[in-house]
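Here's the structure we're looking at; comments come further down.
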Amino acid sequence: MNLPIWEPSQDRIDRANMNRFVRFVREQTGNEDIQRYAPLYDFSIRSPEKFWPLVWEFCGIRASGQFEPVLENPEQMPGAKFYPNVKLNFAQNLLRFRDDKPALIFRNEWGHKREYTYAELHVEVARVAQALKQLGVTVGDRVAGFLPNMPETVIAMLATASLGAAWSSCSPDFGINGVVDRFGQIEPKVLFCADAYPYGGKSFGCLDKVRGVLEKITSIEKLVVIPYSGEPLQLDDLRDAMSWPDFAGDDEPTLEFVPTDFNHPLYVMYSSGTTGVPKCIVHGAGGTLLQHLKELVLHTDLKREDRIFYYTTCGWMMWNWLVSSLAVGAAVVLYDGSPSHPDGNALWDLADEVGISVFGTSAKWIAAIEKAGVKPRETHKLTALKTILSTGSPLAPESFDYVYRDVKERVLLASISGGTDIVSCFALGNPLLPVYRGELQCRGLGMAVEALDDDGHPVRGEPGELSCLKPFPSMPIGFWNDPDGEKYRKAYFDKFPNVWSHGDFVEITSHNGVIIYGRSDATLNPGGVRIGTAEIYRQVEQIDEVLDCVAVGQKWEDDERVILFVRLREGLALDDELRQRIRKQIRANTTPRHVPAKIIQIEDIPRTISGKISEIAVRETIHGRPVKNTDALANPEALAAYKGIDLS
């Protein structure tokens, strides 16, 4: 029997925002059956036109206009539209507080330390908004950030949103082509960048790349450079460039908020781009706000007194999600640099220093620090820490064990999953529910998530295609340069009619938890049996000699066989004894079909810029097919080692 690895105390349940919301919904609807999460979830799926207004009121969203209908064309996906007659401003909702409590707490690898109160943040946003307005930035324009995770990025985004313009960002480790593939499609009027950024004990300059970007994107009328490194700025050979201090000035203008439609473009985000030019995914202001507040206030239990941190770049949707915490009045902790420099304790040091209560990271990092022997429970206090969030890839059951054994026992470990496509989550944490190892606690409120078999029928206790059967507010309002919506429909609604198909291979458990098995487009299919790559990775990660791995399917004798590539600790070589141990570990804990036909040592594993393993790039390479967009990879040079490998 699968028993919980953690359960909330009664005190935690009593104080949880979710518990207050259960009571609020029961009182507002008169439905006495809503006493806990399960009936609340059922209500949110059955009655979205009643549920979402209650979230709106509970979270205190500021808006105007007609609040009916809540949902137009509810039977159409795509085509459903939330709050078509409402107007709001996203930045106004994030800047609702204007006091001396901390809004942004910033640290970086260089040792820089800065903090902004909500009052100070309001002033800084007003200055940049005024400067953008003077440049002619207005409703519908695009402003882009090629920026590290620093306060100026948040300020520039809020200033952009205050004017009703759309914000788009990517991290400064992208190459020129990667930036142009993204920003070139949306033609921004203004580009923000930093002169350099730190990572892994080194400094990386940005201005040479920016020079190349300016040559290829002619729509950019102004470049604003943040003097981040401390070195003198050299802007003479950069067209239309000025420094951030000169651009923002030192006035204290009034910050005005331009009301926009609920479904007005707020963010343009990008697919990974490993199968071609990245898709430009457009998210609306109202849907993003409503969905994020539901997830932060209810599922994450975020409160005004919290300090929330997520290790992320500005090119990953978790940055957008994190920044929405300002609407709650919490302190947002930003960190720029490597999470493992000078060692695996770097982020735990940060947690102790600033008193982080909600700590977010990736499953990959948790697995890496366990292998590095990091044991914060023995070296750190982590007094304020109440919740650890993990996403980016499935969190292995053994990583749950590690957190509760070596990090902190009394902490809610919430593996969460969604994506850039929805700028939010399908499955999340829940302060009212127990934690089961290897599982996400629950499906999100208002998200009609099911695992569907090949015929489109919901299944329980077995893997299926992660699908959402009803509309939700943070569905994209469309793709950029997709006037008839054909690319949008093909991306999510081709597999099953009127159903969102997300591309993940998942299982809904008997207690309504969720297990993620990996991307369905990377699913292995030996002998016609579908296998999620995460099932293999979970076992291989238990082998101490293995630092990283990637599993792909190879076409073989009218079938498919599993090929496993492993990256070992420095100085080690793969021999028959280690191969046998890996196979034995996989066979003992999965099925014979999971056992790789071949195990091959490799120098590196290709990953996307957001840190996800790119099985597709490896699969295409070993079959001699071109990888369409290597600029989407953080380490495209890794693919060279896979070319011409003898797999006979």
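Labels for the structure tokens follow display order: chains A, B, ..., residues from 1 in each chain, ligands from 1.
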
Task: segment 311-321 of chain A surroundings by only C-alpha atoms, 8 Å radius, close-in-sequence under 6 positions cut, as JSON, numbers by chain - done: {"A": [147, 148, 149, 169, 170, 171, 269, 292, 334, 335, 336, 339, 360, 361, 362, 419, 420, 423, 424, 610]}

For Leu214 of chain A: contacts at 9 Å, only C-alpha atoms, fewer than 6 positions along chain excluded, given as a PDB file with C-alpha atoms, in the first residue's frame:
ATOM      1  CA  ILE A 220      14.145  48.057 -32.466  1.00  0.00           C
ATOM      2  CA  LEU A 223      18.325  49.831 -26.839  1.00  0.00           C
ATOM      3  CA  LEU A 238      25.544  50.283 -30.529  1.00  0.00           C
ATOM      4  CA  ARG A 239      22.796  51.999 -32.501  1.00  0.00           C
TER       5      ARG A 239
END

Open item on the list: Taking 3 positions as the minimum chain separation for residues in the same chain, which residues sit within 12 Å of Asp576 of chain A when counting only C-alpha atoms? Answer as a ChimeraX atom specification.
Closed with: /A:573,579-583,598-601

Residues just named, written with C-alpha atoms as a tab-separated table (two decimals), in the first residue's frame:
chain	number	residue	atom	x	y	z
A	573	ALA	CA	34.63	4.38	-17.93
A	579	ARG	CA	26.14	-1.94	-17.75
A	580	GLN	CA	24.83	-5.03	-16.01
A	581	ARG	CA	24.14	-3.11	-12.82
A	582	ILE	CA	22.20	-0.45	-14.72
A	583	ARG	CA	20.15	-3.09	-16.52
A	598	LYS	CA	22.36	-0.86	-25.66
A	599	ILE	CA	23.99	1.37	-23.02
A	600	ILE	CA	26.59	3.80	-24.33
A	601	GLN	CA	28.85	6.25	-22.51

Open item on the list: Could you go through segment 310-546 of chain A and tell me which residues DSSP, when run on the backbone, assigns to strand (DSSP E), listing them as a ChimeraX atom specification?
Closed with: /A:310,331-336,358-362,387-391,412-415,417-419,424-428,442-443,449-452,464-468,478-479,500-508,514-519,546

- [ ] Would you work out the distance separating atom CA of Pro172 of chain A from atom CA of Arg567 of chain A, expressed in Å to one decimal?
- [x]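 Rounded to one decimal, the two atoms are 26.6 Å apart.
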
TODO: Could you give me, as an MDAnalysis selection string, the residues within 7 Å of segment 431-441 of chain A, counting only C-alpha atoms and dropping anything in the same chain fewer than 6 positions from it?
DONE: chainID A and resid 3:8 13 16 299 301 395:397 400 414:416 513:515

Excluding Gln234 of chain A and residues on its chain fewer than 2 positions from it, collect all residues at most 9 Å away from it, counting only C-alpha atoms, and give them as a compact mmCIF listing (two decimals) with C-alpha atoms, in the first residue's frame.
# COMPACT_ATOMS: atom_id res chain seq x y z
CA ASP A 195 26.23 44.54 -20.37
CA LEU A 207 26.95 43.49 -26.00
CA PRO A 232 32.34 51.27 -17.80
CA ASP A 236 29.33 54.19 -28.97
CA ASP A 237 29.01 51.45 -31.60
CA LEU A 238 25.54 50.28 -30.53

TODO: Go through A:His283, A:Arg460, A:Arg593, A:Arg127 one by one, measure the shortest atom-to-atom distance of each to Ser510 of chain A using only C-alpha atoms, and give the residue with the smallest value.
DONE: A:Arg460

TODO: Counting only C-alpha atoms, figure out which residue out of A:Asp306, A:Asp406, A:Asp558, A:Glu32 gets nearest to Ser357 of chain A.
DONE: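 Comparing A:Asp306, A:Asp406, A:Asp558, A:Glu32 against Ser357 of chain A, the winner is A:Asp306.
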
Task: Two-atom distance - atom CA of Lys386 of chain A, atom CA of Leu413 of chain A (Å) - done: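 Here the two named atoms are 8.8 Å from each other.
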
- [ ] Could you give me the residues within segment 275-483 of chain A that DSSP places in alpha helix (DSSP H), as a VMD selection string?
- [x] chain A and resid 285 to 293 317 to 323 346 to 354 363 to 371 376 to 379 397 to 402

Take the residues just selected and output them with C-alpha atoms as a CSV table (one decimal), in the first residue's frame.
chain,number,residue,atom,x,y,z
A,285,ALA,CA,-3.4,39.8,-19.1
A,286,GLY,CA,-6.5,38.7,-17.3
A,287,GLY,CA,-6.1,34.9,-17.8
A,288,THR,CA,-2.6,35.0,-16.6
A,289,LEU,CA,-3.4,37.1,-13.5
A,290,LEU,CA,-6.5,35.0,-12.5
A,291,GLN,CA,-4.7,31.7,-13.0
A,292,HIS,CA,-1.5,32.7,-11.3
A,293,LEU,CA,-3.4,34.1,-8.2
A,317,MET,CA,7.7,30.7,-17.5
A,318,MET,CA,8.5,30.2,-13.9
A,319,TRP,CA,9.9,33.7,-13.9
A,320,ASN,CA,6.5,35.1,-15.0
A,321,TRP,CA,4.8,32.9,-12.4
A,322,LEU,CA,7.1,34.0,-9.7
A,323,VAL,CA,6.7,37.7,-10.4
A,346,ALA,CA,24.6,28.1,-2.8
A,347,LEU,CA,20.8,28.3,-2.9
A,348,TRP,CA,20.4,26.9,0.7
A,349,ASP,CA,22.8,29.7,1.8
A,350,LEU,CA,20.5,32.1,0.1
A,351,ALA,CA,17.5,30.6,1.8
A,352,ASP,CA,19.0,31.0,5.2
A,353,GLU,CA,20.3,34.5,4.5
A,354,VAL,CA,17.0,36.1,3.4
A,363,ALA,CA,14.0,18.3,-10.3
A,364,LYS,CA,17.3,18.1,-12.0
A,365,TRP,CA,19.0,20.3,-9.4
A,366,ILE,CA,17.5,18.3,-6.5
A,367,ALA,CA,18.9,15.1,-8.0
A,368,ALA,CA,22.3,16.7,-8.7
A,369,ILE,CA,22.8,18.0,-5.1
A,370,GLU,CA,21.8,14.6,-3.7
A,371,LYS,CA,24.6,13.0,-5.8
A,376,PRO,CA,21.2,21.0,4.2
A,377,ARG,CA,19.5,19.5,7.3
A,378,GLU,CA,22.9,19.1,8.8
A,379,THR,CA,24.4,22.4,7.7
A,397,PRO,CA,10.4,9.1,-5.9
A,398,GLU,CA,14.0,8.9,-4.5
A,399,SER,CA,14.2,12.7,-4.7
A,400,PHE,CA,11.2,12.9,-2.4
A,401,ASP,CA,13.1,10.6,0.0
A,402,TYR,CA,16.1,12.8,-0.2

Task: Nearest-residue call for Ala632 of chain A, choices A:Pro78, A:Gly464, A:Pro606, A:Pro39, using only C-alpha atoms - done: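 The shortest atom-to-atom distance to Ala632 of chain A comes from A:Pro606.
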
Which segment 437-536 of chain A residues have any atom within 10 Å of an atom of segment 55-74 of chain A, and for each, what is the nearest pair of atoms with distance in Å to one decimal, counting only C-alpha atoms, rows sorted by chain and number, as CSV?
residue,atom,partner,partner_atom,distance
A:Leu445,CA,A:Val55,CA,9.9
A:Lys470,CA,A:Pro74,CA,7.7
A:Pro471,CA,A:Pro74,CA,6.7
A:Phe472,CA,A:Leu71,CA,9.4
A:Pro473,CA,A:Leu71,CA,9.1

Can you spit out the residues from that selection as a PDB file, in the first residue's frame, using N, CA and C atoms?
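Saved the output as out11.pdb:
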ATOM      1  N   LEU A 445      -7.347  23.408  -9.379  1.00  0.00           N
ATOM      2  CA  LEU A 445      -8.743  23.839  -9.392  1.00  0.00           C
ATOM      3  C   LEU A 445      -9.092  24.434 -10.757  1.00  0.00           C
ATOM      4  N   LYS A 470     -11.944  20.897 -20.540  1.00  0.00           N
ATOM      5  CA  LYS A 470     -12.745  22.127 -20.518  1.00  0.00           C
ATOM      6  C   LYS A 470     -11.826  23.345 -20.579  1.00  0.00           C
ATOM      7  N   PRO A 471     -12.353  24.488 -21.031  1.00  0.00           N
ATOM      8  CA  PRO A 471     -11.536  25.698 -21.133  1.00  0.00           C
ATOM      9  C   PRO A 471     -11.050  26.178 -19.767  1.00  0.00           C
ATOM     10  N   PHE A 472      -9.924  26.891 -19.783  1.00  0.00           N
ATOM     11  CA  PHE A 472      -9.375  27.500 -18.566  1.00  0.00           C
ATOM     12  C   PHE A 472      -8.806  28.869 -18.941  1.00  0.00           C
ATOM     13  N   PRO A 473      -8.711  29.796 -17.991  1.00  0.00           N
ATOM     14  CA  PRO A 473      -8.399  31.193 -18.327  1.00  0.00           C
ATOM     15  C   PRO A 473      -7.048  31.425 -18.972  1.00  0.00           C
TER      16      PRO A 473
END

Task: Distance criterion (only C-alpha atoms): nearest to Lys216 of chain A out of A:Leu235, A:Val180, A:Ile281, A:Val297 - done: A:Val180

TODO: Please provide the set of residues having any atom within 7 Å of segment 113-124 of chain A, restricted to only C-alpha atoms, with same-chain residues fewer than 2 positions apart removed, written as a ChimeraX atom specification.
DONE: /A:95,97-107,111,126-128,155,252

Output N, CA and C atoms of each residue in that selection to a file, as a compact mmCIF listing (two decimals), in the first residue's frame.
# COMPACT_ATOMS: atom_id res chain seq x y z
N LEU A 95 0.94 45.88 -8.51
CA LEU A 95 1.46 47.02 -7.73
C LEU A 95 0.37 47.60 -6.82
N PHE A 97 0.04 47.16 -3.73
CA PHE A 97 0.63 47.59 -2.46
C PHE A 97 1.64 48.70 -2.73
N ARG A 98 1.71 49.65 -1.82
CA ARG A 98 2.63 50.78 -2.00
C ARG A 98 3.16 51.20 -0.63
N ASP A 99 3.75 50.22 0.08
CA ASP A 99 4.20 50.48 1.44
C ASP A 99 5.69 50.14 1.56
N ASP A 100 6.16 50.06 2.79
CA ASP A 100 7.59 49.85 3.02
C ASP A 100 7.97 48.40 3.25
N LYS A 101 7.06 47.48 2.95
CA LYS A 101 7.41 46.07 3.05
C LYS A 101 8.22 45.66 1.81
N PRO A 102 9.11 44.68 1.95
CA PRO A 102 9.97 44.32 0.82
C PRO A 102 9.18 43.71 -0.34
N ALA A 103 9.48 44.20 -1.54
CA ALA A 103 8.87 43.67 -2.75
C ALA A 103 9.85 42.77 -3.49
N LEU A 104 11.08 43.25 -3.69
CA LEU A 104 12.11 42.50 -4.38
C LEU A 104 13.36 42.40 -3.51
N ILE A 105 13.88 41.19 -3.37
CA ILE A 105 15.15 40.95 -2.68
C ILE A 105 16.07 40.27 -3.69
N PHE A 106 17.17 40.92 -4.02
CA PHE A 106 18.02 40.47 -5.10
C PHE A 106 19.42 40.11 -4.62
N ARG A 107 19.91 38.96 -5.08
CA ARG A 107 21.29 38.55 -4.85
C ARG A 107 21.83 37.97 -6.15
N GLY A 111 27.98 38.75 -5.71
CA GLY A 111 27.85 39.27 -4.36
C GLY A 111 27.02 40.54 -4.27
N ALA A 126 7.28 53.67 -12.42
CA ALA A 126 6.75 54.92 -12.97
C ALA A 126 7.78 55.61 -13.86
N ARG A 127 9.04 55.61 -13.44
CA ARG A 127 10.09 56.25 -14.22
C ARG A 127 10.27 55.57 -15.58
N VAL A 128 10.34 54.26 -15.57
CA VAL A 128 10.56 53.54 -16.82
C VAL A 128 9.32 53.62 -17.71
N ILE A 155 11.06 45.46 -13.29
CA ILE A 155 10.63 46.85 -13.45
C ILE A 155 10.24 47.13 -14.90
N GLU A 252 10.00 61.67 -10.34
CA GLU A 252 9.02 60.82 -9.66
C GLU A 252 7.65 61.07 -10.27

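The list of residues with at least one atom within 7 Å of Leu191 of chain A, based on only C-alpha atoms and without residues fewer than 2 positions apart in the same chain, reads Val143, Ala144, Gly145, Pro188, Lys189, Cys193, Ile220, Lys222, Leu223 and Val224 of chain A.
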
Open item on the list: Nearest residue to Tyr517 of chain A out of A:Gly373, A:Pro463, A:Pro53, A:Gly478, using only C-alpha atoms?
Closed with: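 Under the stated criterion, the closest residue is A:Pro463.
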
Open item on the list: Calculated over only C-alpha atoms, which of the candidates A:Gly329, A:Gly527, A:Gly392, A:Pro497 has the smallest distance to Arg96 of chain A?
Closed with: A:Gly329
